[in-house]
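Note sheet for the following structure.
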Amino acid sequence: MRILVTGGAGFIGSNFVRRTLDDAYPGLEGAEVVVYDALTYSGNLANLAPVAASPRYSFVHGDIRDSALLDSTLPGIDAIVHFAAESHVDRSVRDAGPFVETNVVGTQRLLDAALRAGTKRFVHVSTDEVYGSIAEGSWAEDRPLEPNSPYSASKAGSDLLARSFHRTHGMNVSITRCSNNYGPYHFPEKLIPLFVTNLIDGQHVPLYGTGENIRDWLHVDDHTRGIAMVLVGGRAGEIYNIGGGTELTNRELTQMMLDATGRDWSYVDAVDDRKGHDLRYSVDISKIRSELGYEPLVPFDQGLADVVQWYRDRRDWWEPLKVRAELE
Ligand code: NAD
């Protein structure tokens, strides 16, 4: 099997690539992987260094909006796993343009190219943020989409386009909607890596609003294992939520990161809340559990401890990224 992984140089995509080439996923053993990535600010070939020498790995430097390059790349590809996206909510609040360009237009061009090439399988990686915010209970996959940020609205657009290519053209498309990921190689603009790297260095961290926002944390290894299960056994036209089962307020999460780095609340600065900040996300994972046997396996306290150690050990990876992106 030959799999094209868009956005495979990013945080989650590169995890999927490394683990596929490690033969971690039943049904994908021996698969070849072609990473297709534009290497934007969050794409990083260092994330793929552990597999760069594999004879089953190759890289195409390309944009998903480039139809001609897609047409020359897709022949011979059996399946596409589509991670490529603009992914940071705060950036979408400042400028929604690149989000519509890549997430909506890019996904449409990729789907059209897959249709022209007759690609047999397509997994679209979406997000639980397309559902909006939920005060109580959890979303099943048939909940209406009520995205609140330009990021989640553009992801909802791409999610619905993917679904439409199944309904209209009969393409073998499945969609995954996951909760908040954490793990190694996470770009240090996101909450956990930003806080951990700042706290390791004795710098302050910015906590939005009152810190009462609740997120369900999903280890990236669990997420990509769920995606592999959907790729191998998911049904055409179906949507699968993927969650981690650990809901925490941002204050609780901050306390855990302070404890792990030996700091206290004097290092935390309260900052104005993010515009349109969703209060709570919570996905119901009954469907993927019963159909495909998915369970999140990484306990959050262990996963967080491992991540803190990874950032302690891999300053060589994150320090240049923070300097370049002027993060603090
Ligand atoms: P990321 O920002 O780390 O990686 C995105 C990758 O896409 C980068 O390698 C980038 O170079 C590439 N890319 C961006 N625009 C491109 C374009 N026009 N053409 C080709 N490549 C392009 O993001 P991530 O956190 O790894 O997220 C991957 C996917 O998972 C995204 O679709 C995101 O919406 C989704 N998701 C992420 C989370 C999370 O917690 N990180 C949660 C839910 C869903």
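Residues are named by chain letter and number: chains run A, B, ... in the order of the structure tokens, numbers start at 1 in each chain, and ligands are numbered from 1 in the order shown.
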
As a PyMOL selection string, please: all residues of segment 52-273 of chain A that backbone DSSP puts in alpha helix (DSSP H). chain A and resi 67-73+89-94+97-99+107-117+150-169+191-200+220-233+250-261

Suppose we keep C-alpha atoms; can you now write the selection as a PDB file, in the first residue's frame?
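Saved as selection.pdb:
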```pdb
ATOM      1  CA  SER A  67      -3.584  20.988  -8.744  1.00  0.00           C
ATOM      2  CA  ALA A  68      -0.908  20.304 -11.369  1.00  0.00           C
ATOM      3  CA  LEU A  69       1.542  18.960  -8.796  1.00  0.00           C
ATOM      4  CA  LEU A  70      -1.202  16.852  -7.223  1.00  0.00           C
ATOM      5  CA  ASP A  71      -2.064  15.410 -10.641  1.00  0.00           C
ATOM      6  CA  SER A  72       1.517  14.310 -11.175  1.00  0.00           C
ATOM      7  CA  THR A  73       1.872  12.960  -7.618  1.00  0.00           C
ATOM      8  CA  VAL A  89      -6.852  29.346  16.372  1.00  0.00           C
ATOM      9  CA  ASP A  90      -5.079  32.533  17.504  1.00  0.00           C
ATOM     10  CA  ARG A  91      -3.602  33.032  14.028  1.00  0.00           C
ATOM     11  CA  SER A  92      -7.095  32.653  12.520  1.00  0.00           C
ATOM     12  CA  VAL A  93      -8.396  35.394  14.833  1.00  0.00           C
ATOM     13  CA  ARG A  94      -5.674  37.727  13.509  1.00  0.00           C
ATOM     14  CA  GLY A  97      -7.399  34.420   4.907  1.00  0.00           C
ATOM     15  CA  PRO A  98      -4.799  31.619   4.964  1.00  0.00           C
ATOM     16  CA  PHE A  99      -7.303  29.372   6.793  1.00  0.00           C
ATOM     17  CA  THR A 107      -9.028  20.532   0.591  1.00  0.00           C
ATOM     18  CA  GLN A 108     -11.326  21.059  -2.411  1.00  0.00           C
ATOM     19  CA  ARG A 109      -8.338  20.901  -4.803  1.00  0.00           C
ATOM     20  CA  LEU A 110      -7.034  17.771  -3.083  1.00  0.00           C
ATOM     21  CA  LEU A 111     -10.434  16.058  -3.236  1.00  0.00           C
ATOM     22  CA  ASP A 112     -10.823  16.976  -6.914  1.00  0.00           C
ATOM     23  CA  ALA A 113      -7.342  15.660  -7.709  1.00  0.00           C
ATOM     24  CA  ALA A 114      -8.114  12.423  -5.830  1.00  0.00           C
ATOM     25  CA  LEU A 115     -11.303  12.072  -7.838  1.00  0.00           C
ATOM     26  CA  ARG A 116      -9.415  12.583 -11.135  1.00  0.00           C
ATOM     27  CA  ALA A 117      -6.752  10.073 -10.103  1.00  0.00           C
ATOM     28  CA  PRO A 150     -12.378  31.238  11.732  1.00  0.00           C
ATOM     29  CA  TYR A 151     -10.135  28.175  12.215  1.00  0.00           C
ATOM     30  CA  SER A 152     -12.990  25.855  13.152  1.00  0.00           C
ATOM     31  CA  ALA A 153     -15.280  27.371  10.503  1.00  0.00           C
ATOM     32  CA  SER A 154     -12.687  26.671   7.827  1.00  0.00           C
ATOM     33  CA  LYS A 155     -12.230  23.117   9.179  1.00  0.00           C
ATOM     34  CA  ALA A 156     -16.014  22.654   9.108  1.00  0.00           C
ATOM     35  CA  GLY A 157     -15.969  23.763   5.460  1.00  0.00           C
ATOM     36  CA  SER A 158     -13.304  21.182   4.593  1.00  0.00           C
ATOM     37  CA  ASP A 159     -15.052  18.490   6.669  1.00  0.00           C
ATOM     38  CA  LEU A 160     -18.325  19.062   4.778  1.00  0.00           C
ATOM     39  CA  LEU A 161     -16.540  19.128   1.416  1.00  0.00           C
ATOM     40  CA  ALA A 162     -14.975  15.750   2.233  1.00  0.00           C
ATOM     41  CA  ARG A 163     -18.403  14.385   3.136  1.00  0.00           C
ATOM     42  CA  SER A 164     -19.897  15.802  -0.065  1.00  0.00           C
ATOM     43  CA  PHE A 165     -17.347  13.960  -2.228  1.00  0.00           C
ATOM     44  CA  HIS A 166     -18.670  10.729  -0.759  1.00  0.00           C
ATOM     45  CA  ARG A 167     -22.321  11.692  -1.210  1.00  0.00           C
ATOM     46  CA  THR A 168     -21.882  13.202  -4.688  1.00  0.00           C
ATOM     47  CA  HIS A 169     -19.152  11.088  -6.263  1.00  0.00           C
ATOM     48  CA  LEU A 191      -0.639  25.766  24.993  1.00  0.00           C
ATOM     49  CA  ILE A 192       1.211  22.738  26.405  1.00  0.00           C
ATOM     50  CA  PRO A 193       4.557  23.136  24.578  1.00  0.00           C
ATOM     51  CA  LEU A 194       4.521  26.940  25.052  1.00  0.00           C
ATOM     52  CA  PHE A 195       3.896  26.660  28.789  1.00  0.00           C
ATOM     53  CA  VAL A 196       6.317  23.774  29.317  1.00  0.00           C
ATOM     54  CA  THR A 197       9.196  25.393  27.412  1.00  0.00           C
ATOM     55  CA  ASN A 198       8.617  28.783  29.069  1.00  0.00           C
ATOM     56  CA  LEU A 199       8.446  27.245  32.544  1.00  0.00           C
ATOM     57  CA  ILE A 200      11.558  25.112  31.979  1.00  0.00           C
ATOM     58  CA  VAL A 220      -0.920  12.128  19.709  1.00  0.00           C
ATOM     59  CA  ASP A 221      -0.006   8.401  19.706  1.00  0.00           C
ATOM     60  CA  ASP A 222      -3.611   7.555  20.593  1.00  0.00           C
ATOM     61  CA  HIS A 223      -4.923   9.957  17.944  1.00  0.00           C
ATOM     62  CA  THR A 224      -2.840   8.571  15.089  1.00  0.00           C
ATOM     63  CA  ARG A 225      -3.641   4.992  16.133  1.00  0.00           C
ATOM     64  CA  GLY A 226      -7.327   5.917  15.849  1.00  0.00           C
ATOM     65  CA  ILE A 227      -6.715   7.424  12.400  1.00  0.00           C
ATOM     66  CA  ALA A 228      -4.950   4.234  11.285  1.00  0.00           C
ATOM     67  CA  MET A 229      -7.937   2.196  12.509  1.00  0.00           C
ATOM     68  CA  VAL A 230     -10.287   4.405  10.492  1.00  0.00           C
ATOM     69  CA  LEU A 231      -8.046   4.174   7.428  1.00  0.00           C
ATOM     70  CA  VAL A 232      -8.014   0.362   7.612  1.00  0.00           C
ATOM     71  CA  GLY A 233     -11.529  -0.402   8.879  1.00  0.00           C
ATOM     72  CA  ASN A 250      -6.843  25.178  31.695  1.00  0.00           C
ATOM     73  CA  ARG A 251      -6.189  26.078  35.350  1.00  0.00           C
ATOM     74  CA  GLU A 252      -5.929  22.402  36.309  1.00  0.00           C
ATOM     75  CA  LEU A 253      -3.645  21.748  33.351  1.00  0.00           C
ATOM     76  CA  THR A 254      -1.499  24.766  34.269  1.00  0.00           C
ATOM     77  CA  GLN A 255      -1.191  23.480  37.849  1.00  0.00           C
ATOM     78  CA  MET A 256       0.075  20.136  36.511  1.00  0.00           C
ATOM     79  CA  MET A 257       2.663  21.864  34.324  1.00  0.00           C
ATOM     80  CA  LEU A 258       3.773  24.093  37.219  1.00  0.00           C
ATOM     81  CA  ASP A 259       4.200  20.974  39.384  1.00  0.00           C
ATOM     82  CA  ALA A 260       6.126  19.150  36.651  1.00  0.00           C
ATOM     83  CA  THR A 261       8.559  22.038  36.202  1.00  0.00           C
TER      84      THR A 261
END
```

Selection: 10 Å around Pro55 of chain A, only C-alpha atoms, excl. self and same-chain fewer than 5 positions, as a ChimeraX atom specification: /A:21,32-33

Need the shell around segment 76-83 of chain A: protein/DNA/RNA residues with any atom at most 8 Å away, counting only C-alpha atoms. Skip same-chain ones fewer than 4 positions apart. Format as number ranges by chain? A: 1-8, 12-13, 119-125, 231

At a cut-off of 7 Å around ligand 1, and using only C-alpha atoms and all ligand atoms, what residues come up? Please write them as a PyMOL selection string. chain A and resi 6-13+36-44+62-65+83-88+102+106+125-128+155+177-182+186-187

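Among the candidate residues A:Gly132, A:Gly27, A:Arg314, A:Arg280, the one lying nearest to Asn47 of chain A is A:Arg314, with distances computed using only C-alpha atoms.
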
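Proximity to Arg19 of chain A was assessed for A:Gly202, A:Pro320, A:Pro50, A:Gly170 counting only C-alpha atoms; the smallest distance is recorded for A:Pro50.
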
Per DSSP on the backbone, filter segment 12-205 of chain A down to the residues in strand (DSSP E or B) and report them as a VMD selection string. chain A and resid 32 to 37 57 to 61 79 to 82 121 to 127 139 173 to 178 180 to 182 205

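Shortest atom-to-atom contact with Val35 of chain A among A:Ser266, A:Glu189, A:Leu279, A:Val51: A:Val51, counting only C-alpha atoms.
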
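Closest to Asp316 of chain A among A:Val268, A:Tyr185, A:Gly262, A:Tyr281 is A:Tyr185, based on only C-alpha atoms.
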
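Distances here use only C-alpha atoms; by that measure, the residue among A:Asn241, A:Ser149, A:Ser282, A:Asn213 closest to Ile175 of chain A is A:Asn241.
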
With only C-alpha atoms counted and 9 Å as the cut-off, give the residues of segment 162-219 of chain A in contact with segment 285-300 of chain A, each with its shortest interatomic distance in Å and the pair that gives it, as JSON lines.
```
{"residue": "A:Trp217", "atom": "CA", "partner": "A:Phe300", "partner_atom": "CA", "distance": 7.5}
{"residue": "A:Leu218", "atom": "CA", "partner": "A:Pro296", "partner_atom": "CA", "distance": 7.6}
{"residue": "A:His219", "atom": "CA", "partner": "A:Val298", "partner_atom": "CA", "distance": 6.4}
```
